[in-house]
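Structure file structure-v1.cif (mmCIF, C-alpha atoms) follows.
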```cif
data_target
#
loop_
_atom_site.label_atom_id
_atom_site.label_comp_id
_atom_site.auth_asym_id
_atom_site.auth_seq_id
_atom_site.Cartn_x
_atom_site.Cartn_y
_atom_site.Cartn_z
CA MET A 4 152.05 37.30 31.48
CA THR A 5 152.75 39.69 34.28
CA TRP A 6 155.84 40.94 35.97
CA GLN A 7 156.41 39.89 39.57
CA ARG A 8 158.08 42.76 41.38
CA LEU A 9 160.30 43.23 44.43
CA VAL A 10 161.71 46.43 45.89
CA LEU A 11 165.06 46.14 47.65
CA PRO A 12 167.19 48.55 49.68
CA PRO A 13 170.71 49.08 48.28
CA THR A 14 172.37 46.87 50.89
CA ALA A 15 174.58 43.79 50.76
CA GLU A 16 171.78 41.62 52.12
CA SER A 17 169.65 42.44 49.09
CA VAL A 18 171.82 40.22 46.89
CA ALA A 19 170.61 37.05 48.63
CA ALA A 20 167.07 38.41 48.77
CA ALA A 21 167.15 38.93 44.99
CA ARG A 22 168.35 35.36 44.43
CA ALA A 23 165.62 33.96 46.65
CA PHE A 24 162.98 36.00 44.84
CA VAL A 25 163.95 34.90 41.36
CA VAL A 26 164.09 31.24 42.42
CA GLU A 27 160.68 31.58 44.04
CA VAL A 28 159.14 32.98 40.85
CA ILE A 29 160.73 30.67 38.28
CA GLY A 30 161.98 27.70 40.30
CA GLY A 31 159.05 25.53 39.26
CA LEU A 32 159.93 25.65 35.56
CA ASP A 33 161.41 22.36 34.42
CA TRP A 34 163.39 23.80 31.55
CA ILE A 35 165.17 26.44 33.62
CA ARG A 36 166.31 23.98 36.29
CA PRO A 37 169.60 23.01 34.59
CA ARG A 38 170.46 26.71 34.41
CA ILE A 39 169.27 27.80 37.83
CA GLU A 40 172.82 28.12 39.19
CA ASP A 41 173.76 30.36 36.25
CA LEU A 42 170.70 32.43 36.89
CA ARG A 43 171.43 32.77 40.62
CA LEU A 44 174.98 33.88 39.85
CA VAL A 45 173.95 36.38 37.17
CA VAL A 46 171.33 37.93 39.47
CA SER A 47 173.96 38.14 42.22
CA GLU A 48 176.46 39.91 39.98
CA VAL A 49 173.94 42.42 38.63
CA VAL A 50 172.42 43.22 42.03
CA THR A 51 175.93 43.54 43.52
CA ASN A 52 176.80 46.08 40.83
CA ALA A 53 173.55 47.89 41.55
CA VAL A 54 174.26 48.04 45.30
CA LYS A 55 177.82 49.24 44.72
CA ALA A 56 176.58 51.97 42.38
CA TYR A 57 175.21 53.72 45.48
CA ASP A 58 178.61 53.77 47.21
CA ASP A 59 179.84 57.12 45.94
CA GLY A 60 176.65 59.12 45.90
CA ASP A 61 173.82 60.44 47.99
CA ALA A 62 171.15 58.46 46.15
CA THR A 63 168.83 56.51 48.38
CA GLY A 64 166.19 55.28 45.92
CA PRO A 65 165.54 51.56 45.96
CA ILE A 66 166.64 48.79 43.66
CA GLU A 67 163.68 47.36 41.77
CA MET A 68 163.54 43.85 40.53
CA ALA A 69 161.01 42.37 38.13
CA VAL A 70 160.71 38.80 36.93
CA GLN A 71 158.45 37.54 34.16
CA VAL A 72 157.84 34.02 32.93
CA GLN A 73 156.88 33.77 29.27
CA PRO A 74 156.07 30.59 27.35
CA ASP A 75 159.51 30.58 25.74
CA ALA A 76 161.66 32.66 28.05
CA VAL A 77 162.34 34.05 31.49
CA GLU A 78 163.03 37.76 31.78
CA VAL A 79 164.58 39.54 34.73
CA GLU A 80 165.00 43.29 35.11
CA ILE A 81 167.11 44.92 37.80
CA THR A 82 166.88 48.70 38.06
CA ASP A 83 168.92 50.94 40.32
CA HIS A 84 168.37 54.61 41.05
CA ALA A 85 171.94 55.37 42.03
CA GLY A 86 172.48 58.19 39.57
CA GLY A 87 173.33 56.32 36.39
CA PHE A 88 176.57 54.99 34.96
CA GLU A 89 178.25 54.62 31.63
CA LEU A 90 176.36 51.89 29.83
CA PRO A 91 178.60 49.11 28.55
CA SER A 92 178.26 48.87 24.78
CA GLU A 93 179.55 45.33 24.43
CA PRO A 94 180.37 42.52 26.83
CA PRO A 95 183.74 43.16 28.46
CA PRO A 96 186.30 40.41 27.89
CA LEU A 97 187.32 38.15 30.74
CA PRO A 98 190.38 39.62 32.43
CA HIS A 99 193.70 37.78 32.52
CA GLU A 100 193.55 34.87 34.96
CA GLY A 101 195.86 36.66 37.41
CA GLN A 102 193.56 39.68 37.70
CA GLU A 103 191.51 39.83 40.88
CA ASN A 104 188.67 42.02 39.58
CA GLY A 105 186.59 42.57 36.49
CA ARG A 106 184.95 39.18 35.91
CA GLY A 107 181.41 40.05 36.91
CA LEU A 108 180.03 41.53 33.70
CA ALA A 109 181.85 39.00 31.51
CA LEU A 110 180.25 36.17 33.50
CA VAL A 111 176.85 37.83 33.19
CA ALA A 112 177.28 38.00 29.42
CA SER A 113 178.32 34.36 29.18
CA MET A 114 175.65 32.93 31.50
CA ALA A 115 172.54 34.76 30.28
CA ASP A 116 171.06 34.39 26.78
CA GLY A 117 170.44 38.09 26.51
CA VAL A 118 171.75 41.12 28.42
CA SER A 119 170.95 44.73 27.68
CA TYR A 120 171.39 47.96 29.59
CA ARG A 121 169.33 51.09 29.35
CA ALA A 122 169.39 54.40 31.15
CA VAL A 123 166.37 55.24 33.29
CA PRO A 124 165.78 58.42 35.30
CA GLU A 125 168.55 58.56 37.91
CA GLY A 126 169.76 55.07 37.19
CA THR A 127 170.26 52.02 35.06
CA CYS A 128 168.06 49.10 34.11
CA VAL A 129 169.66 45.77 33.27
CA HIS A 130 167.45 43.43 31.27
CA LEU A 131 168.33 39.72 31.35
CA GLN A 132 166.80 36.89 29.39
CA TRP A 133 167.02 33.11 29.37
CA ARG A 134 165.35 31.35 26.46
CA ARG A 135 163.66 27.99 26.53
CA PRO A 136 165.69 25.51 24.50
CA GLY A 137 164.26 23.90 21.38
CA MET B 14 171.34 33.08 55.58
CA TRP B 15 173.89 30.83 57.26
CA PHE B 16 177.50 31.37 56.24
CA SER B 17 180.74 30.13 57.70
CA ALA B 18 184.35 30.04 56.60
CA SER B 19 186.49 28.05 59.01
CA VAL B 20 190.26 27.75 58.96
CA ILE B 21 191.84 24.42 59.87
CA GLU B 22 195.60 24.41 60.25
CA GLY B 23 197.22 21.17 59.19
CA ALA B 24 200.82 20.06 58.96
CA GLY B 25 201.07 20.38 55.18
CA ALA B 26 198.49 23.03 54.46
CA ALA B 27 195.88 25.32 55.91
CA ARG B 28 192.35 24.53 54.84
CA VAL B 29 189.41 26.89 54.54
CA GLU B 30 186.02 25.21 54.75
CA VAL B 31 183.20 27.24 53.30
CA VAL B 32 179.54 26.62 54.02
CA GLY B 33 176.89 28.81 52.42
CA GLU B 34 177.00 31.58 49.85
CA VAL B 35 179.99 33.81 49.12
CA ASP B 36 178.61 37.15 47.95
CA LEU B 37 178.65 40.85 48.79
CA ALA B 38 177.19 40.18 52.24
CA THR B 39 179.72 37.50 53.22
CA ILE B 40 182.82 38.55 51.29
CA VAL B 41 184.47 40.23 54.28
CA GLU B 42 184.17 37.10 56.38
CA PHE B 43 185.36 34.92 53.48
CA ARG B 44 188.37 37.18 52.82
CA ARG B 45 189.28 37.20 56.51
CA ALA B 46 189.28 33.40 56.60
CA VAL B 47 191.42 33.11 53.47
CA ARG B 48 193.88 35.67 54.87
CA ALA B 49 194.08 33.74 58.13
CA ALA B 50 194.82 30.54 56.22
CA GLU B 51 197.54 32.31 54.21
CA ALA B 52 199.07 33.61 57.42
CA ALA B 53 199.13 30.10 58.86
CA HIS B 54 200.60 28.35 55.82
CA ALA B 55 201.84 29.16 52.31
CA THR B 56 199.88 26.18 51.00
CA VAL B 57 196.14 26.71 51.21
CA GLU B 58 193.27 24.44 50.29
CA VAL B 59 189.84 25.99 49.92
CA ASP B 60 187.12 23.41 50.38
CA LEU B 61 184.08 24.61 48.46
CA SER B 62 182.06 21.40 48.79
CA GLY B 63 179.61 23.26 51.01
CA ALA B 64 179.54 26.45 48.95
CA GLU B 65 176.09 27.03 47.50
CA LEU B 66 177.35 29.99 45.51
CA ILE B 67 180.58 31.91 44.95
CA ASP B 68 180.51 35.14 42.98
CA SER B 69 183.17 37.12 41.13
CA LEU B 70 184.19 38.87 44.35
CA GLY B 71 184.94 35.49 45.90
CA LEU B 72 186.89 34.39 42.85
CA GLY B 73 188.92 37.60 43.09
CA VAL B 74 189.83 36.82 46.70
CA LEU B 75 191.05 33.37 45.66
CA VAL B 76 193.10 34.72 42.74
CA GLY B 77 194.82 37.30 44.97
CA ALA B 78 195.48 34.79 47.74
CA ARG B 79 196.88 32.27 45.28
CA ARG B 80 199.33 34.85 43.93
CA ARG B 81 200.62 35.62 47.43
CA CYS B 82 200.91 31.91 48.29
CA VAL B 83 202.86 31.21 45.10
CA GLU B 84 205.19 34.14 45.81
CA ARG B 85 206.03 32.44 49.09
CA GLY B 86 206.70 29.10 47.42
CA GLY B 87 203.30 27.63 48.21
CA SER B 88 200.02 27.28 46.36
CA LEU B 89 196.28 27.67 46.67
CA VAL B 90 193.82 25.18 45.23
CA VAL B 91 190.08 24.71 45.36
CA VAL B 92 189.15 21.23 46.57
CA ASP B 93 185.87 19.32 46.29
CA PRO B 94 184.11 21.90 44.14
CA PRO B 95 180.45 21.11 43.45
CA ALA B 96 179.35 21.01 39.80
CA HIS B 97 178.24 24.64 39.71
CA VAL B 98 181.66 25.79 40.97
CA VAL B 99 183.47 23.59 38.42
CA SER B 100 181.36 25.21 35.71
CA LEU B 101 182.03 28.69 37.08
CA LEU B 102 185.80 28.15 37.24
CA ASP B 103 185.69 26.91 33.64
CA ARG B 104 183.79 29.89 32.40
CA SER B 105 185.94 32.29 34.38
CA GLY B 106 189.09 30.93 32.79
CA LEU B 107 190.32 29.91 36.24
CA ALA B 108 189.95 26.13 36.07
CA SER B 109 193.66 25.43 35.71
CA LEU B 110 194.76 28.28 37.98
CA LEU B 111 192.59 27.34 40.94
CA GLY B 112 191.71 23.73 40.22
CA GLY B 113 193.90 21.28 42.01
CA PRO B 114 194.67 17.74 40.90
CA SER B 115 191.33 16.02 40.53
#
```
Can you give me the file's structure in the form of structure tokens?
Amino acid sequence: MTWQRLVLPPTAESVAAARAFVVEVIGGLDWIRPRIEDLRLVVSEVVTNAVKAYDDGDATGPIEMAVQVQPDAVEVEITDHAGGFELPSEPPPLPHEGQENGRGLALVASMADGVSYRAVPEGTCVHLQWRRPG
Amino acid sequence: MWFSASVIEGAGAARVEVVGEVDLATIVEFRRAVRAAEAAHATVEVDLSGAELIDSLGLGVLVGARRRCVERGGSLVVVDPPAHVVSLLDRSGLASLLGGPS
């Protein structure tokens, strides 16, 4: 199994490019098809966070995306080089329904089978996993 | 990527028709359309039948717009949501807030 990789600039347009890439790599898998909309949304939320992480700094390094198909799982890694942020230790709760913001990470946690964060030089890597049922 | 958010002013409500994907790249256009609908009418319908994706930023726009509509005695509901939007509203805890009569 090998990782398929894509390098993206930290721009708003990269969110759609990331979605297209992940669908291209894994779209042919029968078992993932019922969850493809979840996967597209999760990738959107994580790449959006990555792009926004560059807002307040001078960092210009790219966002790196890697997708790997295993016999029993799909793995996606999204790495920014925006300077790093405080790693969430547990999934944040969904905000009150009247709140406008703060749903992204909670949705990521509920729509992926596994989510983990790790610090990398000058940034953060988000590892996502979807497991084959049965 | 094609995206449009059109505002149609009716007698009883203003309707926003969304085609394409609501994400970081299109959120400004989406927000502008929702604001225009709010300005036209306190009752807003957001037709998401053509939405291929709506992210948490888009949901936030709808939640904020709904609050302002309700404050003016109106409402905001999502109409014709495709299955993936129904599922998203459910999992976001927004199904009853933004879901209209089905």
**OP:** Counting all atoms listed in the file, figure out which residue out of B:Val35, B:Val47, B:Leu61, B:Leu107 gets nearest to chain A.
**Re:**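 Closest residue, counting all atoms listed in the file: B:Leu107.
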**OP:** Mind giving me the straight-line distance from atom CA of Val76 of chain B to atom CA of Thr56 of chain B in Å, one decimal?
**Re:**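 Between atom CA of Val76 of chain B and atom CA of Thr56 of chain B the gap works out to 13.7 Å.
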**OP:** Would you give me, as a list in words, the residues of chain A that come within 7 Å of chain B, using all atoms listed in the file?
**Re:**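 Putting it all together, I get Ala15, Glu16, Glu40, Leu44, Glu48, Thr51, Glu100, Gly101, Glu103, Asn104, Arg106, Gly107 and Leu110 of chain A.
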Original post:
In terms of the shortest atom-to-atom distance over all atoms listed in the file, which of B:Asp103, B:Asp93, B:Glu42, B:Glu58 is closest to Met114 of chain A?
Top reply: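 Looking only at the distances to Met114 of chain A, the closest residue turns out to be B:Asp103.
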**OP:** Using all atoms listed in the file, determine which residues lie at most 8 Å from Gly63 of chain B, disregarding the query and same-chain residues fewer than 6 positions distant; provide the list as a list in words.
**Re:**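 The residues that qualify are Glu30, Val31, Val32, Gly33 and Pro95 of chain B.
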Could you model N, CA, C and O atoms for segment 72-95 of chain B and present them as a PDB file, in the frame of the given file?
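Writing done, so here's result-v4.pdb:
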```pdb
ATOM      1  N   LEU B  72     185.829  34.859  43.747  1.00  0.00           N
ATOM      2  CA  LEU B  72     186.890  34.390  42.850  1.00  0.00           C
ATOM      3  C   LEU B  72     188.093  35.315  42.915  1.00  0.00           C
ATOM      4  O   LEU B  72     189.243  34.865  42.922  1.00  0.00           O
ATOM      5  N   GLY B  73     187.837  36.626  43.003  1.00  0.00           N
ATOM      6  CA  GLY B  73     188.920  37.600  43.090  1.00  0.00           C
ATOM      7  C   GLY B  73     189.768  37.401  44.343  1.00  0.00           C
ATOM      8  O   GLY B  73     190.999  37.490  44.300  1.00  0.00           O
ATOM      9  N   VAL B  74     189.102  37.095  45.451  1.00  0.00           N
ATOM     10  CA  VAL B  74     189.830  36.820  46.700  1.00  0.00           C
ATOM     11  C   VAL B  74     190.751  35.618  46.517  1.00  0.00           C
ATOM     12  O   VAL B  74     191.920  35.633  46.939  1.00  0.00           O
ATOM     13  N   LEU B  75     190.239  34.581  45.857  1.00  0.00           N
ATOM     14  CA  LEU B  75     191.050  33.370  45.660  1.00  0.00           C
ATOM     15  C   LEU B  75     192.237  33.635  44.741  1.00  0.00           C
ATOM     16  O   LEU B  75     193.349  33.148  44.983  1.00  0.00           O
ATOM     17  N   VAL B  76     192.013  34.415  43.681  1.00  0.00           N
ATOM     18  CA  VAL B  76     193.100  34.720  42.740  1.00  0.00           C
ATOM     19  C   VAL B  76     194.213  35.507  43.451  1.00  0.00           C
ATOM     20  O   VAL B  76     195.402  35.207  43.293  1.00  0.00           O
ATOM     21  N   GLY B  77     193.821  36.501  44.250  1.00  0.00           N
ATOM     22  CA  GLY B  77     194.820  37.300  44.970  1.00  0.00           C
ATOM     23  C   GLY B  77     195.575  36.468  45.999  1.00  0.00           C
ATOM     24  O   GLY B  77     196.804  36.574  46.129  1.00  0.00           O
ATOM     25  N   ALA B  78     194.847  35.626  46.714  1.00  0.00           N
ATOM     26  CA  ALA B  78     195.480  34.790  47.740  1.00  0.00           C
ATOM     27  C   ALA B  78     196.423  33.784  47.096  1.00  0.00           C
ATOM     28  O   ALA B  78     197.523  33.531  47.609  1.00  0.00           O
ATOM     29  N   ARG B  79     196.007  33.224  45.970  1.00  0.00           N
ATOM     30  CA  ARG B  79     196.880  32.270  45.280  1.00  0.00           C
ATOM     31  C   ARG B  79     198.200  32.935  44.887  1.00  0.00           C
ATOM     32  O   ARG B  79     199.269  32.357  45.055  1.00  0.00           O
ATOM     33  N   ARG B  80     198.111  34.158  44.354  1.00  0.00           N
ATOM     34  CA  ARG B  80     199.330  34.850  43.930  1.00  0.00           C
ATOM     35  C   ARG B  80     200.289  35.013  45.128  1.00  0.00           C
ATOM     36  O   ARG B  80     201.481  34.745  45.026  1.00  0.00           O
ATOM     37  N   ARG B  81     199.755  35.417  46.264  1.00  0.00           N
ATOM     38  CA  ARG B  81     200.620  35.620  47.430  1.00  0.00           C
ATOM     39  C   ARG B  81     201.200  34.298  47.921  1.00  0.00           C
ATOM     40  O   ARG B  81     202.357  34.226  48.333  1.00  0.00           O
ATOM     41  N   CYS B  82     200.412  33.232  47.876  1.00  0.00           N
ATOM     42  CA  CYS B  82     200.910  31.910  48.290  1.00  0.00           C
ATOM     43  C   CYS B  82     202.056  31.461  47.378  1.00  0.00           C
ATOM     44  O   CYS B  82     203.082  30.968  47.840  1.00  0.00           O
ATOM     45  N   VAL B  83     201.841  31.639  46.068  1.00  0.00           N
ATOM     46  CA  VAL B  83     202.860  31.210  45.100  1.00  0.00           C
ATOM     47  C   VAL B  83     204.147  32.014  45.286  1.00  0.00           C
ATOM     48  O   VAL B  83     205.256  31.468  45.210  1.00  0.00           O
ATOM     49  N   GLU B  84     204.002  33.299  45.574  1.00  0.00           N
ATOM     50  CA  GLU B  84     205.190  34.140  45.810  1.00  0.00           C
ATOM     51  C   GLU B  84     206.001  33.643  46.998  1.00  0.00           C
ATOM     52  O   GLU B  84     207.202  33.869  47.074  1.00  0.00           O
ATOM     53  N   ARG B  85     205.339  32.972  47.909  1.00  0.00           N
ATOM     54  CA  ARG B  85     206.030  32.440  49.090  1.00  0.00           C
ATOM     55  C   ARG B  85     206.417  30.969  48.900  1.00  0.00           C
ATOM     56  O   ARG B  85     206.765  30.286  49.860  1.00  0.00           O
ATOM     57  N   GLY B  86     206.298  30.480  47.686  1.00  0.00           N
ATOM     58  CA  GLY B  86     206.700  29.100  47.420  1.00  0.00           C
ATOM     59  C   GLY B  86     205.613  28.078  47.683  1.00  0.00           C
ATOM     60  O   GLY B  86     205.858  26.875  47.660  1.00  0.00           O
ATOM     61  N   GLY B  87     204.408  28.538  47.938  1.00  0.00           N
ATOM     62  CA  GLY B  87     203.300  27.630  48.210  1.00  0.00           C
ATOM     63  C   GLY B  87     202.315  27.596  47.059  1.00  0.00           C
ATOM     64  O   GLY B  87     202.676  27.789  45.893  1.00  0.00           O
ATOM     65  N   SER B  88     201.056  27.354  47.384  1.00  0.00           N
ATOM     66  CA  SER B  88     200.020  27.280  46.360  1.00  0.00           C
ATOM     67  C   SER B  88     198.653  27.463  47.011  1.00  0.00           C
ATOM     68  O   SER B  88     198.529  27.427  48.243  1.00  0.00           O
ATOM     69  N   LEU B  89     197.668  27.664  46.176  1.00  0.00           N
ATOM     70  CA  LEU B  89     196.280  27.670  46.670  1.00  0.00           C
ATOM     71  C   LEU B  89     195.442  26.913  45.658  1.00  0.00           C
ATOM     72  O   LEU B  89     195.506  27.192  44.453  1.00  0.00           O
ATOM     73  N   VAL B  90     194.710  25.924  46.132  1.00  0.00           N
ATOM     74  CA  VAL B  90     193.820  25.180  45.230  1.00  0.00           C
ATOM     75  C   VAL B  90     192.432  25.070  45.846  1.00  0.00           C
ATOM     76  O   VAL B  90     192.268  25.081  47.074  1.00  0.00           O
ATOM     77  N   VAL B  91     191.462  24.980  44.966  1.00  0.00           N
ATOM     78  CA  VAL B  91     190.080  24.710  45.360  1.00  0.00           C
ATOM     79  C   VAL B  91     189.910  23.200  45.396  1.00  0.00           C
ATOM     80  O   VAL B  91     190.282  22.508  44.439  1.00  0.00           O
ATOM     81  N   VAL B  92     189.375  22.676  46.487  1.00  0.00           N
ATOM     82  CA  VAL B  92     189.150  21.230  46.570  1.00  0.00           C
ATOM     83  C   VAL B  92     187.656  20.943  46.733  1.00  0.00           C
ATOM     84  O   VAL B  92     186.897  21.743  47.270  1.00  0.00           O
ATOM     85  N   ASP B  93     187.259  19.790  46.215  1.00  0.00           N
ATOM     86  CA  ASP B  93     185.870  19.320  46.290  1.00  0.00           C
ATOM     87  C   ASP B  93     184.847  20.328  45.771  1.00  0.00           C
ATOM     88  O   ASP B  93     183.809  20.545  46.405  1.00  0.00           O
ATOM     89  N   PRO B  94     185.115  20.941  44.617  1.00  0.00           N
ATOM     90  CA  PRO B  94     184.110  21.900  44.140  1.00  0.00           C
ATOM     91  C   PRO B  94     182.855  21.186  43.650  1.00  0.00           C
ATOM     92  O   PRO B  94     182.953  20.188  42.940  1.00  0.00           O
ATOM     93  N   PRO B  95     181.682  21.665  44.028  1.00  0.00           N
ATOM     94  CA  PRO B  95     180.450  21.110  43.450  1.00  0.00           C
ATOM     95  C   PRO B  95     180.358  21.490  41.970  1.00  0.00           C
ATOM     96  O   PRO B  95     181.097  22.360  41.492  1.00  0.00           O
TER      97      PRO B  95
END
```
